[in-house]
>>> print(open('model_13.cif').read())   # mmCIF, C-alpha atoms
data_data
loop_
_atom_site.label_atom_id
_atom_site.label_comp_id
_atom_site.auth_asym_id
_atom_site.auth_seq_id
_atom_site.Cartn_x
_atom_site.Cartn_y
_atom_site.Cartn_z
CA MET A 1 -10.39 30.58 56.06
CA SER A 2 -11.20 27.68 53.83
CA ALA A 3 -8.61 25.55 52.08
CA PRO A 4 -7.83 26.60 48.48
CA THR A 5 -10.18 24.90 46.10
CA THR A 6 -8.60 22.68 43.48
CA TYR A 7 -10.35 22.56 40.19
CA LYS A 8 -10.51 19.35 38.26
CA ARG A 9 -10.97 19.09 34.54
CA THR A 10 -14.64 18.48 33.95
CA THR A 11 -14.54 17.43 30.28
CA TYR A 12 -16.01 14.00 29.91
CA LYS A 13 -13.61 11.40 28.57
CA GLN A 14 -15.31 8.27 27.41
CA PRO A 15 -13.48 5.25 28.77
CA VAL A 16 -12.14 2.98 26.04
CA SER A 17 -11.87 -0.74 26.64
CA ARG A 18 -8.47 -2.33 26.15
CA LEU A 19 -10.19 -4.82 23.85
CA TRP A 20 -11.88 -2.16 21.70
CA PHE A 21 -10.57 -3.74 18.50
CA THR A 22 -12.54 -6.94 19.06
CA LYS A 23 -15.84 -5.04 18.87
CA LYS A 24 -16.01 -4.59 15.11
CA ARG A 25 -14.60 -6.45 12.10
CA THR A 26 -13.10 -3.28 10.57
CA TYR A 27 -11.37 -2.45 13.86
CA PHE A 28 -9.96 -5.97 13.95
CA LEU A 29 -8.64 -5.73 10.38
CA PHE A 30 -7.08 -2.38 11.25
CA VAL A 31 -5.23 -3.93 14.18
CA LEU A 32 -4.10 -6.90 12.04
CA ARG A 33 -2.69 -4.42 9.53
CA GLU A 34 -0.88 -2.53 12.27
CA LEU A 35 0.51 -5.80 13.67
CA SER A 36 2.25 -6.48 10.33
CA SER A 37 5.03 -4.20 11.63
CA ILE A 38 6.07 -6.98 14.04
CA PHE A 39 6.87 -9.18 11.04
CA VAL A 40 8.72 -6.37 9.27
CA GLY A 41 10.85 -6.16 12.43
CA TRP A 42 11.22 -9.95 12.62
CA PHE A 43 12.36 -10.24 9.03
CA SER A 44 14.90 -7.43 9.40
CA VAL A 45 16.46 -9.53 12.19
CA PHE A 46 16.22 -12.69 10.04
CA LEU A 47 18.01 -10.93 7.17
CA MET A 48 20.74 -9.73 9.54
CA ILE A 49 21.27 -13.29 10.84
CA MET A 50 21.45 -14.54 7.25
CA LEU A 51 23.94 -11.86 6.16
CA TYR A 52 26.05 -12.51 9.25
CA ALA A 53 26.14 -16.24 8.45
CA ILE A 54 27.01 -15.64 4.79
CA GLY A 55 29.88 -13.41 5.95
CA ARG A 56 31.21 -16.10 8.33
CA GLY A 57 31.70 -18.83 5.70
CA GLU A 58 30.04 -21.89 4.23
CA ALA A 59 29.75 -23.85 7.51
CA ALA A 60 28.05 -20.91 9.25
CA TYR A 61 25.69 -20.56 6.27
CA GLN A 62 24.79 -24.27 6.52
CA ASN A 63 24.05 -23.80 10.24
CA PHE A 64 21.84 -20.86 9.37
CA LEU A 65 19.94 -22.97 6.81
CA ASN A 66 19.40 -25.74 9.38
CA TRP A 67 18.08 -23.21 11.89
CA ALA A 68 15.86 -21.53 9.26
CA ALA A 69 14.44 -24.94 8.27
CA SER A 70 13.44 -25.80 11.86
CA PRO A 71 9.65 -26.07 12.30
CA VAL A 72 9.28 -23.01 14.57
CA VAL A 73 11.16 -20.68 12.22
CA VAL A 74 9.29 -22.04 9.18
CA VAL A 75 5.92 -21.47 10.89
CA VAL A 76 6.97 -17.92 11.87
CA ASN A 77 8.01 -17.21 8.28
CA VAL A 78 4.75 -18.60 6.87
CA VAL A 79 2.79 -16.31 9.23
CA ALA A 80 5.19 -13.47 8.34
CA LEU A 81 4.53 -13.99 4.62
CA ALA A 82 0.76 -13.74 5.21
CA PHE A 83 1.14 -10.53 7.25
CA LEU A 84 3.58 -8.99 4.77
CA ILE A 85 1.20 -9.65 1.87
CA LEU A 86 -1.49 -7.93 3.96
CA HIS A 87 0.96 -5.05 4.46
CA THR A 88 1.68 -4.81 0.72
CA VAL A 89 -2.00 -4.86 -0.27
CA THR A 90 -3.10 -2.32 2.36
CA TRP A 91 -0.07 -0.06 1.79
CA PHE A 92 -0.61 0.06 -1.97
CA ALA A 93 -4.33 0.72 -1.45
CA LEU A 94 -3.59 3.70 0.83
CA THR A 95 -0.98 5.37 -1.38
CA PRO A 96 -3.44 7.25 -3.64
CA GLN A 97 -4.97 8.73 -0.48
CA ALA A 98 -1.60 9.88 0.84
CA MET A 99 -0.17 10.96 -2.50
CA ASP A 100 -2.01 12.98 -5.06
CA VAL A 101 -0.06 12.44 -8.26
CA ARG A 102 -0.82 14.86 -11.06
CA ILE A 103 0.52 15.24 -14.57
CA GLY A 104 0.30 18.30 -16.79
CA GLY A 105 1.83 21.80 -16.87
CA ARG A 106 2.78 23.02 -13.39
CA GLN A 107 5.88 21.50 -11.83
CA VAL A 108 5.58 22.48 -8.17
CA PRO A 109 5.12 19.69 -5.64
CA ARG A 110 2.94 21.12 -2.91
CA VAL A 111 1.10 20.02 0.14
CA LYS A 112 -2.67 20.05 0.18
CA MET A 113 -4.14 21.28 3.47
CA VAL A 114 -7.33 19.84 4.90
CA ASN A 115 -9.37 20.42 7.99
CA VAL A 116 -9.26 17.57 10.49
CA ALA A 117 -11.03 18.04 13.81
CA GLY A 118 -10.77 21.81 13.58
CA ARG A 119 -7.06 21.90 12.73
CA THR A 120 -5.53 22.57 9.35
CA VAL A 121 -3.09 19.79 8.59
CA PRO A 122 -1.25 18.60 5.48
CA ALA A 123 -3.47 15.97 3.91
CA ALA A 124 -1.32 14.46 1.29
CA THR A 125 1.83 14.92 -0.63
CA VAL A 126 0.63 16.34 -3.90
CA VAL A 127 3.03 15.41 -6.65
CA ARG A 128 1.96 17.80 -9.34
CA VAL A 129 3.36 17.99 -12.81
CA GLY A 130 0.34 20.00 -13.82
CA GLY A 131 -3.39 19.90 -13.53
CA ARG A 132 -4.68 16.44 -14.18
CA ARG A 133 -4.81 14.01 -11.32
CA ILE A 134 -3.73 10.45 -11.98
CA PRO A 135 -6.67 8.21 -11.08
CA PRO A 136 -6.15 6.18 -7.86
CA GLY A 137 -6.57 2.92 -9.77
CA MET A 138 -3.59 3.78 -11.95
CA VAL A 139 -1.44 4.68 -8.94
CA ILE A 140 -2.28 1.31 -7.39
CA ALA A 141 -1.67 -0.57 -10.65
CA SER A 142 1.72 1.08 -11.16
CA GLN A 143 2.78 -0.02 -7.68
CA TYR A 144 1.89 -3.63 -8.46
CA ALA A 145 3.87 -3.30 -11.69
CA GLY A 146 6.85 -2.11 -9.61
CA LEU A 147 6.37 -5.03 -7.21
CA ILE A 148 6.40 -7.53 -10.09
CA VAL A 149 9.52 -6.01 -11.69
CA VAL A 150 11.44 -5.96 -8.38
CA SER A 151 10.36 -9.50 -7.47
CA ALA A 152 11.26 -10.87 -10.90
CA PHE A 153 14.66 -9.16 -10.77
CA ILE A 154 15.47 -10.58 -7.30
CA ILE A 155 14.41 -14.10 -8.30
CA TRP A 156 16.48 -13.85 -11.50
CA LEU A 157 19.50 -12.52 -9.59
CA VAL A 158 19.46 -15.22 -6.90
CA LEU A 159 18.51 -18.22 -9.05
CA ARG A 160 20.26 -17.67 -12.36
CA MET B 1 10.81 20.90 20.88
CA THR B 2 13.01 17.93 20.00
CA LYS B 3 9.89 15.84 19.73
CA ARG B 4 8.34 18.23 17.23
CA ARG B 5 11.48 18.31 15.13
CA LEU B 6 11.91 14.55 15.23
CA GLU B 7 8.34 13.49 14.49
CA PRO B 8 8.35 14.35 10.73
CA LEU B 9 11.69 12.55 10.31
CA LEU B 10 10.37 9.47 12.12
CA TRP B 11 7.24 9.54 10.01
CA LEU B 12 9.37 9.79 6.87
CA ALA B 13 11.41 6.75 7.94
CA PHE B 14 8.18 4.88 8.77
CA SER B 15 6.75 5.77 5.40
CA GLY B 16 9.92 4.87 3.49
CA GLY B 17 10.10 1.60 5.40
CA GLY B 18 6.48 0.93 4.49
CA VAL B 19 7.20 1.37 0.80
CA VAL B 20 10.34 -0.81 0.68
CA SER B 21 8.67 -3.47 2.85
CA ALA B 22 5.64 -3.57 0.57
CA VAL B 23 7.79 -3.90 -2.57
CA PHE B 24 10.69 -6.11 -1.39
CA LEU B 25 9.47 -8.30 1.46
CA PRO B 26 6.96 -10.69 -0.14
CA VAL B 27 9.61 -12.03 -2.53
CA LEU B 28 12.42 -11.94 0.07
CA VAL B 29 10.38 -13.89 2.65
CA LEU B 30 9.29 -16.40 0.01
CA LEU B 31 12.86 -16.85 -1.26
CA PHE B 32 15.13 -16.55 1.79
CA GLY B 33 12.58 -17.40 4.49
CA LEU B 34 11.00 -20.46 2.86
CA ALA B 35 12.23 -21.61 -0.57
CA ILE B 36 15.97 -21.73 0.19
CA PRO B 37 15.85 -23.11 3.78
CA LEU B 38 13.30 -25.77 2.74
CA GLY B 39 15.45 -26.78 -0.23
CA TRP B 40 12.95 -25.92 -2.99
CA VAL B 41 15.79 -24.03 -4.67
CA ARG B 42 19.50 -24.36 -3.87
CA PRO B 43 21.67 -21.43 -4.91
CA ASP B 44 25.37 -22.11 -4.40
CA TYR B 45 27.01 -20.59 -1.29
CA ASN B 46 29.86 -18.98 -3.22
CA TYR B 47 27.40 -17.40 -5.61
CA LEU B 48 25.28 -15.98 -2.73
CA HIS B 49 28.44 -14.71 -1.06
CA ALA B 50 29.44 -12.99 -4.29
CA ILE B 51 26.00 -11.32 -4.57
CA PHE B 52 25.90 -10.11 -0.97
CA SER B 53 29.49 -8.93 -0.79
CA PHE B 54 29.03 -6.69 -3.84
CA TRP B 55 29.07 -3.07 -2.62
CA LEU B 56 25.72 -2.12 -4.17
CA THR B 57 23.93 -5.12 -2.61
CA ARG B 58 25.44 -4.24 0.77
CA LEU B 59 24.23 -0.67 0.46
CA VAL B 60 20.73 -1.78 -0.59
CA MET B 61 20.53 -4.35 2.24
CA LEU B 62 21.67 -1.77 4.81
CA GLY B 63 19.12 0.78 3.61
CA LEU B 64 16.39 -1.84 3.51
CA ILE B 65 17.08 -3.14 7.02
CA VAL B 66 17.39 0.35 8.58
CA LEU B 67 14.11 1.52 7.01
CA MET B 68 12.39 -1.72 8.03
CA LEU B 69 13.56 -1.24 11.63
CA PHE B 70 12.26 2.33 11.81
CA HIS B 71 9.02 1.30 10.15
CA TRP B 72 8.61 -1.34 12.86
CA ALA B 73 9.56 1.09 15.64
CA HIS B 74 7.08 3.79 14.62
CA ARG B 75 4.14 1.57 13.83
CA PHE B 76 4.63 -0.79 16.78
CA ARG B 77 4.92 2.17 19.12
CA TYR B 78 1.51 3.46 18.07
CA THR B 79 0.01 -0.04 18.01
CA LEU B 80 0.90 -0.42 21.70
CA HIS B 81 0.08 3.18 22.50
CA ASP B 82 -3.39 3.23 20.93
CA GLY B 83 -4.15 -0.47 20.60
CA LEU B 84 -3.59 -1.36 24.23
CA GLN B 85 -4.39 2.12 25.58
CA LEU B 86 -0.93 2.49 27.13
CA ARG B 87 -0.93 6.30 27.10
CA ARG B 88 0.89 6.50 30.42
CA LEU B 89 3.86 4.57 29.06
CA GLU B 90 4.41 6.95 26.14
CA ALA B 91 8.03 7.88 26.96
CA PRO B 92 9.37 4.40 27.81
CA LEU B 93 7.62 2.91 24.76
CA ALA B 94 9.20 5.51 22.47
CA VAL B 95 12.66 4.90 23.96
CA LEU B 96 12.24 1.13 23.65
CA CYS B 97 11.03 1.20 20.02
CA TYR B 98 13.29 3.88 18.51
CA GLY B 99 16.21 2.79 20.71
CA GLY B 100 15.76 -0.75 19.41
CA ALA B 101 15.76 0.54 15.84
CA VAL B 102 18.98 2.50 16.44
CA VAL B 103 20.74 -0.50 18.02
CA GLY B 104 19.51 -2.75 15.19
CA SER B 105 20.73 -0.26 12.58
CA LEU B 106 24.20 -0.20 14.12
CA ALA B 107 24.25 -4.01 14.15
CA ALA B 108 23.19 -4.03 10.49
CA LEU B 109 25.99 -1.59 9.65
CA LEU B 110 28.59 -3.83 11.34
CA ILE B 111 27.24 -6.95 9.63
CA VAL B 112 27.15 -5.32 6.20
CA LEU B 113 30.72 -4.02 6.62
CA THR B 114 32.08 -7.49 7.45
CA ILE B 115 30.46 -9.69 4.78
#
>>> encode(input="model_13.cif", output="structure tokens")
Amino acid sequence: MSAPTTYKRTTYKQPVSRLWFTKKRTYFLFVLRELSSIFVGWFSVFLMIMLYAIGRGEAAYQNFLNWAASPVVVVVNVVALAFLILHTVTWFALTPQAMDVRIGGRQVPRVKMVNVAGRTVPAATVVRVGGRRIPPGMVIASQYAGLIVVSAFIIWLVLR
Amino acid sequence: MTKRRLEPLLWLAFSGGGVVSAVFLPVLVLLFGLAIPLGWVRPDYNYLHAIFSFWLTRLVMLGLIVLMLFHWAHRFRYTLHDGLQLRRLEAPLAVLCYGGAVVGSLAALLIVLTI
């Protein structure tokens, strides 16, 4: 009697280096874009510290300002600003691919299905108000218009 | 099963966080992260307190911070998972990221309620 044979999976899995993203410029840019989330997280914490200080009174707010003006925090916020601009630009550029905005007669938002690696998956949120598709350039431009309006409003609100 | 039911919700929070971050953060970082601390502009404390204690501002700040936290959690999770090939640490990474976002959201709620 021989011992029961154990079968191993024989599909070949190509080993991927941990530093795969340094191999190509587009890979590297992709990873930079993904790393922007760290600064989204950082700034959510920064905003919480600021709101906490504002809630504790003028002295606490002054302490917050002194901390926020320290070289390390300023450098982190400069880097954060660069990454968040990268996030804004790449996010706006991707929206027309994730959302198919249409204007015209039909009013049913539906999900377009596409074939990815043999599986049928929802490709994009199709916002349909009829037949004609809004060109991607216009979707992108309208987002920048929204960005400008929101930014102008916040600056006006805080500095008036 | 839970994972399957949660994934679309997490993606929705990631996506919503991506939108609000793209629209709000450049100006907020410029203003509150650099211009005000460095003294380029000096809004009065009482005026800032009045803005941020207004109920609508509190609500907007809470929503913004919660979405930002879940955007971070979802994207950072996959950055570590795929970027550093940490497939074996899938469960602890998910707990760490989404758990962090939940704790942060509760902290934000407390802070916003006590301004």
>>> closest_residue(input="model_13.cif", among="A:Val139, A:Val45, A:Val149, A:Leu84", to="Met61 (chain B)", atoms="all atoms listed in the file")
A:Val45
>>> interface_residues(input="model_13.cif", of="chain B", to="chain A", cutoff="6 Å", atoms="all atoms listed in the file", output="PDB file with C-alpha atoms, keeping the file's coordinate frame")
ATOM      1  CA  ALA B  22       5.640  -3.570   0.570  1.00  0.00           C
ATOM      2  CA  VAL B  23       7.790  -3.900  -2.570  1.00  0.00           C
ATOM      3  CA  VAL B  27       9.610 -12.030  -2.530  1.00  0.00           C
ATOM      4  CA  GLY B  33      12.580 -17.400   4.490  1.00  0.00           C
ATOM      5  CA  PRO B  37      15.850 -23.110   3.780  1.00  0.00           C
ATOM      6  CA  LEU B  38      13.300 -25.770   2.740  1.00  0.00           C
ATOM      7  CA  ILE B  65      17.080  -3.140   7.020  1.00  0.00           C
ATOM      8  CA  LEU B  69      13.560  -1.240  11.630  1.00  0.00           C
ATOM      9  CA  TRP B  72       8.610  -1.340  12.860  1.00  0.00           C
ATOM     10  CA  LEU B  84      -3.590  -1.360  24.230  1.00  0.00           C
ATOM     11  CA  ILE B 111      27.240  -6.950   9.630  1.00  0.00           C
ATOM     12  CA  ILE B 115      30.460  -9.690   4.780  1.00  0.00           C
TER      13      ILE B 115
END
>>> atom_distance(input="model_13.cif", atom1="CA of Glu7 (chain B)", atom2="CA of Gln97 (chain A)")
20.6 Å
>>> atom_distance(input="model_13.cif", atom1="CA of His71 (chain B)", atom2="CA of Ser15 (chain B)")
6.9 Å
>>> resolve_selection(input="model_13.cif", expression="the PyMOL selection byres ((chain B and resi 96-107) around 7)", output="short mmCIF file (atom, residue, chain, number, x, y, z; two decimals) with C-alpha atoms, in the coordinates of the input")
data_model
loop_
_atom_site.label_atom_id
_atom_site.label_comp_id
_atom_site.auth_asym_id
_atom_site.auth_seq_id
_atom_site.Cartn_x
_atom_site.Cartn_y
_atom_site.Cartn_z
CA VAL B 66 17.39 0.35 8.58
CA LEU B 69 13.56 -1.24 11.63
CA PHE B 70 12.26 2.33 11.81
CA ALA B 73 9.56 1.09 15.64
CA ARG B 77 4.92 2.17 19.12
CA PRO B 92 9.37 4.40 27.81
CA LEU B 93 7.62 2.91 24.76
CA ALA B 94 9.20 5.51 22.47
CA VAL B 95 12.66 4.90 23.96
CA ALA B 108 23.19 -4.03 10.49
CA LEU B 109 25.99 -1.59 9.65
CA LEU B 110 28.59 -3.83 11.34
CA ILE B 111 27.24 -6.95 9.63
#
>>> atom_distance(input="model_13.cif", atom1="CA of Ala50 (chain B)", atom2="CA of Val19 (chain B)")
27.0 Å
>>> resolve_selection(input="model_13.cif", expression="the PyMOL selection byres ((chain B and resi 13) around 9)", output="list in words")
Pro8, Leu9, Leu10, Trp11, Leu12, Phe14, Ser15, Gly16, Gly17, Gly18, Val66, Leu67, Met68, Phe70, His71 and His74 of chain B
>>> closest_residue(input="model_13.cif", among="B:Ala91, B:Tyr47, B:Thr114, B:Leu64", to="Leu28 (chain B)", atoms="only C-alpha atoms")
B:Leu64
